[in-house]
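**Q** The structure follows.
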Amino acid sequence: MAALAGRLGAAVPYILLAPALLLVSSLALSLVLITEDSLHLLDRATFRLGEAYSLGNYALLLERPVYWRIIGKTMLAGVIVTAVTVALAIPYAYLMVRTERPAVRKLLLISLFLPFFLGQVIRAYGWLIILGKQGLLNAGLSTLGLPSVALIYTFPGVLIGLVQYMLPFAILLLAPAFTAVPAELELASMGLGGRPWATFRHVVLPLARPGWVAAGIVVFTLTLTDFAMPEIMGGGANDFIANAIYDGYFQLGDAGQGGALAILLCLLGTLAVALVFTGIGVGTLGYARYEPAATAEPAP
Amino acid sequence: MTGGRGLRAVLWAIVLFDLALLALPTLVIVAASFNGGKIIAFPPEQLSLAWYRVLLERQAFSDALWRSLWVALVCTVISLPAGTLAALALARYRLRQATVLQIYLLLPFILPLIVSGIGLMLIFGRLGMLGQLWPVGLAACIINLPFMIWAVGASVNHLDPDLEHAAANCGAGPIAAFWTVTLPAVLPGVLTGGLLMFILALNEFIVSLLLVDARIVTLPVLMYNSIRSIITPDLAALSVVYIVIAAAAIWLLDRLVGLEIFLKAK
């Protein structure tokens with residue numbers, strides 16, 4: 001790299017970045033195209049978007065209660081899934097980092113990666129088998145003489161699927177943060193009379209803040225924008241914003257309406273991330289941190 | 001120290017619950033795939049490999065599987081150079097707009113997948129690229145590229161800049177220095193990233209759903225179309241193929257870099 005820099009000078013890093021920037025620019029262009037569509041009303045006579053610019057699609061979003069319901073449901077799911085997932089992930093990440101037995105650590109790592117490497121459709125399929133009317137759960141309940149539960153195609157069913165899907169993401173973002181908390185600090189706290197619970201709450205968790213902030217933000221935004229789980233586990237009655245966008249394009253055939261909802265979803269997600277980033281910083285979400293000491297200067 | 005034992009007990013209880021939650025769908029799919037009956041029943045009526053035979057016989061299944069593997073390969077082949085070079089540039093050079101560039105390169109994670117998918121559908125449509133399979137791989141690369149940059153970026157720290165200077169001083173040209181010094185040093189990150197990109201593309205669903213038509217469905221899209229109408233056991237055997245691939249990827253990842261690398265503090 002250093003030698004390359006010597007020959008081509010200041011342009012080198014930008015040449016290296018060019019392919020990645022070009023790939024990502026397609027998404028910037030996507031945003032432009034979708035925004036453009038969202039500013040034209042659908043002409044019902046031709047079923048094409050009209051020529052004139054208009055904010056009518058955004059006004060429609062505000063007018064129709066169905067969109068408010070969908071947005072509300074999606075936000076509610078985001079809050080519940082984030083709280084439950086991070087709460088479930090903290091003990092897992094903490095014990096995985098702190099355990100003294102390498103075999104236990106390996107087992108926890110493998111148990112985490114196996115579902116992580118399986119997509120949402122396959123996992124949703126597994127949940128349909130478990131939660132179905134004659135599924136594993138109800139078969140188990142009926143052998144115990146208990147009444148069956150209807151979780152398939154319900155909002156709680158979608159939440160179960162989402163928590164299971166998000167758990168590996170949350171654990172993987174939390175683990176490095178717990179690693180960064182020196183074990184000596186915990187011993188010091190307990191040596192000074194801190195009870196284990198107090199030590200965990202007042203020493204370990206605050207120090208691991210970048211981890212649970214990162215986990216929280218990732219789980220919240222992934223839930224906010226999820227399509228597959230509400231689509232498959234919700235059975236059509238539990239749409240999230242992403243499903244409404246899809247329907248806007250492919251059921252209503254209205255790229256203006258779908259586009260406006262897509263832009264709204266981007267704004268909601270960006271707003272949430274921006275609030276956290278300005279308040280707390282990029283945390284463990286940034287790329288390899290820029291360290292001047294490790295920077296290669298052009299060779300003389 | 002009862003308090004300590006109490007805390008540990010509560011934490012381990014939650015971890016056991018997590019383990020059950022994480023494993024449940026996978027275990028159930030494996031169990032269902034050996035079920036002999038026409039519908040999925042618990043307990044299984046009889047053990048059978050019948051659904052695996054269906055898997056081999058049904059052309060639609062194997063076609064979709066090959067398409068997904070092809071998409072994953074295209075995605076990986078594009079990601080490897082693009083992500084590796086970008087990560088090196090970000091980590092090793094004083095860039096004037098480093099923060100802006102970093103945030104711009106996070107765009108695939110900032111945009112919702114449904115939005116990226118529709119946007120790419122619009123662009124590929126205008127370029128006449130729809131109806132082919134390779135743009136699906138390209139799309140999978142675009143939406144997951146930050147993972148690749150991340151993986152390589154994490155291993156750049158192992159690279160001592162003096163090594164590159166030394167290579168240059170010993171007369172190595174820039175290209176030679178890259179192949180013999182830089183790349184081997186960041187190879188663990190490159191391999192980790194490549195493996196991640198392959199697996200993510202293999203499982204990619206929503207963007208594929210938007211980009212494929214009925215002739216070229218990838219496997220997750222085929223499964224989705226199928227479970228929308230009826231939950232049948234034939235898909236269980238198909239899913240087991242994916243589970244086996246995931247297990248192989250984990251084994252490979254563990255051999256190459258060790259899974260413990262994901263526990264490292266930044």
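Lettering and numbering for the structure tokens are positional, with chains as A, B, ... in the shown order, residues counted from 1 in each chain, and ligands counted from 1 in the shown order.
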Might you pull out every residue within 9 Å of A:Thr225, with only C-alpha atoms counted and same-chain residues fewer than 6 positions away left off, and present them as an NGL selection string?

**A** (:A and (74 or 240-242 or 265-266 or 269)) or (:B and (111-114))

**Q** Please list as JSON, numbers by chain every residue within 12 Å of A:Leu261, counting only C-alpha atoms and excluding residues in the same chain fewer than 4 positions away.

**A** {"A": [34, 35, 37, 38, 39, 57, 58, 59, 60, 61, 62, 67, 68, 70, 71, 225, 240, 241, 242, 243, 244, 245, 246, 247, 248, 249, 254, 255, 256, 257, 265, 266, 267, 268], "B": [112, 114, 115]}

**Q** Please identify all polymer residues within 7 Å of stretch 243-254 of chain B, counting only C-alpha atoms, omitting same-chain residues fewer than 2 positions from it, and present them as a list in words.

**A**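 Using only C-alpha atoms, the neighbours found are Phe113, Leu114, Phe117 and Leu118 of chain A; Thr192, Ser239, Val240, Val241, Leu256, Val257, Gly258 and Leu259 of chain B.
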
**Q** Using N, CA and C atoms, can you write the selected residues to a file as a tab-separated table (two decimals), in the first residue's frame?

**A**
```
chain	number	residue	atom	x	y	z
A	113	PHE	N	-24.24	-19.15	16.11
A	113	PHE	CA	-23.97	-18.99	14.68
A	113	PHE	C	-24.88	-19.84	13.80
A	114	LEU	N	-25.31	-20.99	14.30
A	114	LEU	CA	-26.13	-21.85	13.44
A	114	LEU	C	-27.41	-21.14	13.00
A	117	PHE	N	-26.74	-18.14	10.62
A	117	PHE	CA	-26.46	-18.47	9.23
A	117	PHE	C	-27.68	-19.03	8.49
A	118	LEU	N	-28.83	-19.03	9.14
A	118	LEU	CA	-30.05	-19.47	8.45
A	118	LEU	C	-30.96	-18.26	8.25
B	192	THR	N	-13.16	-14.41	6.40
B	192	THR	CA	-14.37	-14.28	7.22
B	192	THR	C	-15.44	-13.51	6.46
B	239	SER	N	-34.78	-27.55	3.71
B	239	SER	CA	-34.18	-26.69	4.72
B	239	SER	C	-32.97	-27.35	5.37
B	240	VAL	N	-33.04	-28.69	5.50
B	240	VAL	CA	-31.92	-29.39	6.12
B	240	VAL	C	-30.65	-29.20	5.28
B	241	VAL	N	-30.82	-29.13	3.95
B	241	VAL	CA	-29.65	-28.85	3.10
B	241	VAL	C	-29.01	-27.53	3.53
B	256	LEU	N	-10.68	-21.56	10.19
B	256	LEU	CA	-9.90	-20.49	9.55
B	256	LEU	C	-9.46	-19.42	10.54
B	257	VAL	N	-10.41	-18.89	11.31
B	257	VAL	CA	-10.07	-17.77	12.19
B	257	VAL	C	-10.42	-18.04	13.66
B	258	GLY	N	-11.22	-19.07	13.92
B	258	GLY	CA	-11.67	-19.32	15.29
B	258	GLY	C	-12.88	-18.45	15.59
B	259	LEU	N	-13.97	-19.08	16.06
B	259	LEU	CA	-15.19	-18.31	16.33
B	259	LEU	C	-14.96	-17.28	17.42
```

**Q** What separation in Å, quoted to one decimal, exists between atom CA of A:Ser30 and atom CA of B:Met197?

**A**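 Atom CA of B:Met197 lies at a distance of 21.8 Å from atom CA of A:Ser30.
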
**Q** For stretch 225-237 of chain B, list every protein, DNA or RNA residue within 10 Å, evaluated using only C-alpha atoms, and leave out those in the same chain fewer than 4 positions away; present the list as a PyMOL selection string.

**A** (chain A and resi 121-122+124-126+128-129+132+231-233+235-236) or (chain B and resi 26+28-41+49-55+61+209+217+219-221+241-243)

**Q** Ranking B:Leu210, B:Leu27, B:Phe205, B:Ala87 by minimum distance to B:Met223 and counting only C-alpha atoms, which one comes first?

**A**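 Distance minimum relative to B:Met223 lands on B:Phe205.
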
**Q** Restricting the calculation to only C-alpha atoms, which member of A:Gly193, A:Pro206, A:Pro156, A:Gly279 is positioned closest to chain B?

**A** A:Gly193

**Q** What does the distance between atom CA of B:Leu69 and atom CA of B:Trp134 come to in Å, to one decimal place?

**A**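 Spanning atom CA of B:Leu69 to atom CA of B:Trp134 is a straight-line distance of 11.2 Å.
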
**Q** From the list A:Leu17, A:Ala214, A:Leu187, A:Ile90, which residue is nearest chain B when using only C-alpha atoms?

**A**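 Of A:Leu17, A:Ala214, A:Leu187, A:Ile90, the one nearest chain B is A:Leu17, counting only C-alpha atoms.
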
**Q** Hey, what does DSSP flag as helix (DSSP H, G or I) within stretch 1-230 of chain B? Can you give it to me as an MDAnalysis selection string?

**A** chainID B and resid 2:33 50:57 59:92 98:105 107:110 113:126 134:156 161:169 174:203 206:211 214:216 219:229

**Q** Which one of B:Ile216, B:Val74, B:Ala60, B:Cys141 sits closest to chain A if you count only C-alpha atoms?

**A**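 Nearest candidate to chain A out of B:Ile216, B:Val74, B:Ala60, B:Cys141: B:Cys141.
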
**Q** Identify which of the residues A:Ala175, A:Val149, A:Ala45, A:Leu29 lies closest to A:Tyr92, counting only C-alpha atoms when measuring atom-to-atom distances.

**A** A:Ala175

**Q** Any idea what's packed within 8 Å of stretch 216-223 of chain A, counting only C-alpha atoms, ignoring anything in its chain fewer than 6 positions away? Could you give it as an NGL selection string?

**A** (:A and (74 or 77-79 or 81-83 or 85-86 or 162 or 166 or 169-170 or 269 or 272-273 or 276)) or (:B and (112))

**Q** Write out, as a compact mmCIF listing (two decimals), in the first residue's frame, the residues just selected, with all heavy atoms.

**A**
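The new file selection_5.txt reads:
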```
# COMPACT_ATOMS: atom_id res chain seq x y z
N THR A 74 -45.92 -1.32 13.96
CA THR A 74 -44.51 -1.57 13.69
C THR A 74 -43.63 -0.98 14.80
O THR A 74 -42.69 -1.64 15.25
CB THR A 74 -44.12 -0.94 12.33
OG1 THR A 74 -45.08 -1.32 11.35
CG2 THR A 74 -42.75 -1.39 11.90
N ALA A 77 -43.92 -3.11 17.90
CA ALA A 77 -43.12 -4.32 17.75
C ALA A 77 -41.64 -3.99 17.95
O ALA A 77 -40.92 -4.74 18.61
CB ALA A 77 -43.35 -4.93 16.36
N GLY A 78 -41.19 -2.85 17.38
CA GLY A 78 -39.80 -2.46 17.52
C GLY A 78 -39.40 -2.32 18.99
O GLY A 78 -38.35 -2.83 19.41
N VAL A 79 -40.25 -1.66 19.76
CA VAL A 79 -39.93 -1.43 21.18
C VAL A 79 -39.92 -2.76 21.95
O VAL A 79 -38.97 -3.07 22.68
CB VAL A 79 -40.94 -0.44 21.80
CG1 VAL A 79 -40.74 -0.35 23.31
CG2 VAL A 79 -40.80 0.93 21.15
N VAL A 81 -39.69 -5.95 20.81
CA VAL A 81 -38.64 -6.89 20.36
C VAL A 81 -37.27 -6.42 20.86
O VAL A 81 -36.45 -7.23 21.30
CB VAL A 81 -38.66 -7.04 18.82
CG1 VAL A 81 -37.45 -7.80 18.33
CG2 VAL A 81 -39.94 -7.74 18.38
N THR A 82 -37.01 -5.10 20.80
CA THR A 82 -35.72 -4.60 21.26
C THR A 82 -35.52 -4.87 22.74
O THR A 82 -34.47 -5.39 23.16
CB THR A 82 -35.62 -3.08 20.98
OG1 THR A 82 -35.87 -2.85 19.60
CG2 THR A 82 -34.24 -2.56 21.33
N ALA A 83 -36.52 -4.54 23.55
CA ALA A 83 -36.39 -4.73 25.00
C ALA A 83 -36.18 -6.20 25.33
O ALA A 83 -35.25 -6.56 26.08
CB ALA A 83 -37.64 -4.19 25.70
N THR A 85 -35.23 -8.74 23.34
CA THR A 85 -34.02 -9.33 22.75
C THR A 85 -32.77 -8.91 23.52
O THR A 85 -31.92 -9.76 23.84
CB THR A 85 -33.87 -8.91 21.27
OG1 THR A 85 -35.08 -9.23 20.57
CG2 THR A 85 -32.71 -9.61 20.62
N VAL A 86 -32.64 -7.62 23.83
CA VAL A 86 -31.44 -7.16 24.53
C VAL A 86 -31.39 -7.79 25.93
O VAL A 86 -30.34 -8.23 26.39
CB VAL A 86 -31.38 -5.62 24.59
CG1 VAL A 86 -30.22 -5.15 25.45
CG2 VAL A 86 -31.23 -5.06 23.18
N LEU A 162 -39.47 -12.73 15.51
CA LEU A 162 -38.51 -11.62 15.41
C LEU A 162 -37.45 -11.69 16.52
O LEU A 162 -36.27 -11.49 16.26
CB LEU A 162 -39.26 -10.28 15.48
CG LEU A 162 -39.92 -9.83 14.18
CD1 LEU A 162 -40.84 -8.64 14.42
CD2 LEU A 162 -38.87 -9.48 13.14
N MET A 166 -33.50 -11.88 15.90
CA MET A 166 -32.61 -10.79 16.30
C MET A 166 -31.56 -11.20 17.34
O MET A 166 -30.53 -10.55 17.48
CB MET A 166 -33.42 -9.63 16.89
CG MET A 166 -34.46 -9.04 15.98
SD MET A 166 -33.73 -8.35 14.49
CE MET A 166 -35.21 -8.10 13.49
N PHE A 169 -27.82 -11.35 16.42
CA PHE A 169 -27.28 -10.01 16.14
C PHE A 169 -26.93 -9.32 17.45
O PHE A 169 -25.85 -8.75 17.61
CB PHE A 169 -28.31 -9.15 15.40
CG PHE A 169 -28.53 -9.51 13.96
CD1 PHE A 169 -29.60 -10.29 13.57
CD2 PHE A 169 -27.65 -9.06 12.99
CE1 PHE A 169 -29.80 -10.62 12.25
CE2 PHE A 169 -27.84 -9.38 11.65
CZ PHE A 169 -28.92 -10.16 11.29
N ALA A 170 -27.88 -9.34 18.39
CA ALA A 170 -27.70 -8.63 19.66
C ALA A 170 -26.52 -9.21 20.43
O ALA A 170 -25.67 -8.47 20.95
CB ALA A 170 -28.98 -8.72 20.49
N GLY A 269 -36.45 5.43 10.49
CA GLY A 269 -35.25 4.69 10.87
C GLY A 269 -34.06 5.61 11.09
O GLY A 269 -33.35 5.49 12.10
N ALA A 272 -34.33 7.57 14.34
CA ALA A 272 -33.99 6.77 15.51
C ALA A 272 -32.48 6.64 15.64
O ALA A 272 -31.91 6.83 16.73
CB ALA A 272 -34.64 5.39 15.41
N VAL A 273 -31.81 6.31 14.52
CA VAL A 273 -30.36 6.12 14.56
C VAL A 273 -29.67 7.44 14.89
O VAL A 273 -28.74 7.49 15.72
CB VAL A 273 -29.84 5.56 13.22
CG1 VAL A 273 -28.33 5.44 13.24
CG2 VAL A 273 -30.49 4.22 12.94
N VAL A 276 -29.68 8.36 18.55
CA VAL A 276 -28.72 7.60 19.35
C VAL A 276 -27.29 8.01 19.02
O VAL A 276 -26.47 8.21 19.93
CB VAL A 276 -28.92 6.09 19.11
CG1 VAL A 276 -27.85 5.30 19.84
CG2 VAL A 276 -30.29 5.67 19.58
N PRO B 112 -33.68 0.68 4.70
CA PRO B 112 -34.41 -0.58 4.91
C PRO B 112 -34.25 -1.48 3.68
O PRO B 112 -34.18 -0.98 2.56
CB PRO B 112 -35.86 -0.11 5.06
CG PRO B 112 -35.78 1.33 5.43
CD PRO B 112 -34.54 1.86 4.81
```

**Q** Check the smallest atom-to-atom distance from each of B:Leu80, B:Ile110, B:Leu133, B:Ala91 to B:Arg215 using only C-alpha atoms, then report the winner.

**A**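 Smallest distance to B:Arg215 is found for B:Leu133.
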
**Q** So which residues touch B:Ala201 within 12 Å, counting only C-alpha atoms, skipping near sequence neighbours fewer than 6 positions away, as an MDAnalysis selection string?

**A** (chainID A and resid 117:119) or (chainID B and resid 67:79 134:145 147 194:195 207:208 218:220)

**Q** Go ahead and compute the interatomic distance for atom CA of A:Tyr94 and atom CA of A:Phe178, in Å to one decimal.

**A** 6.0 Å
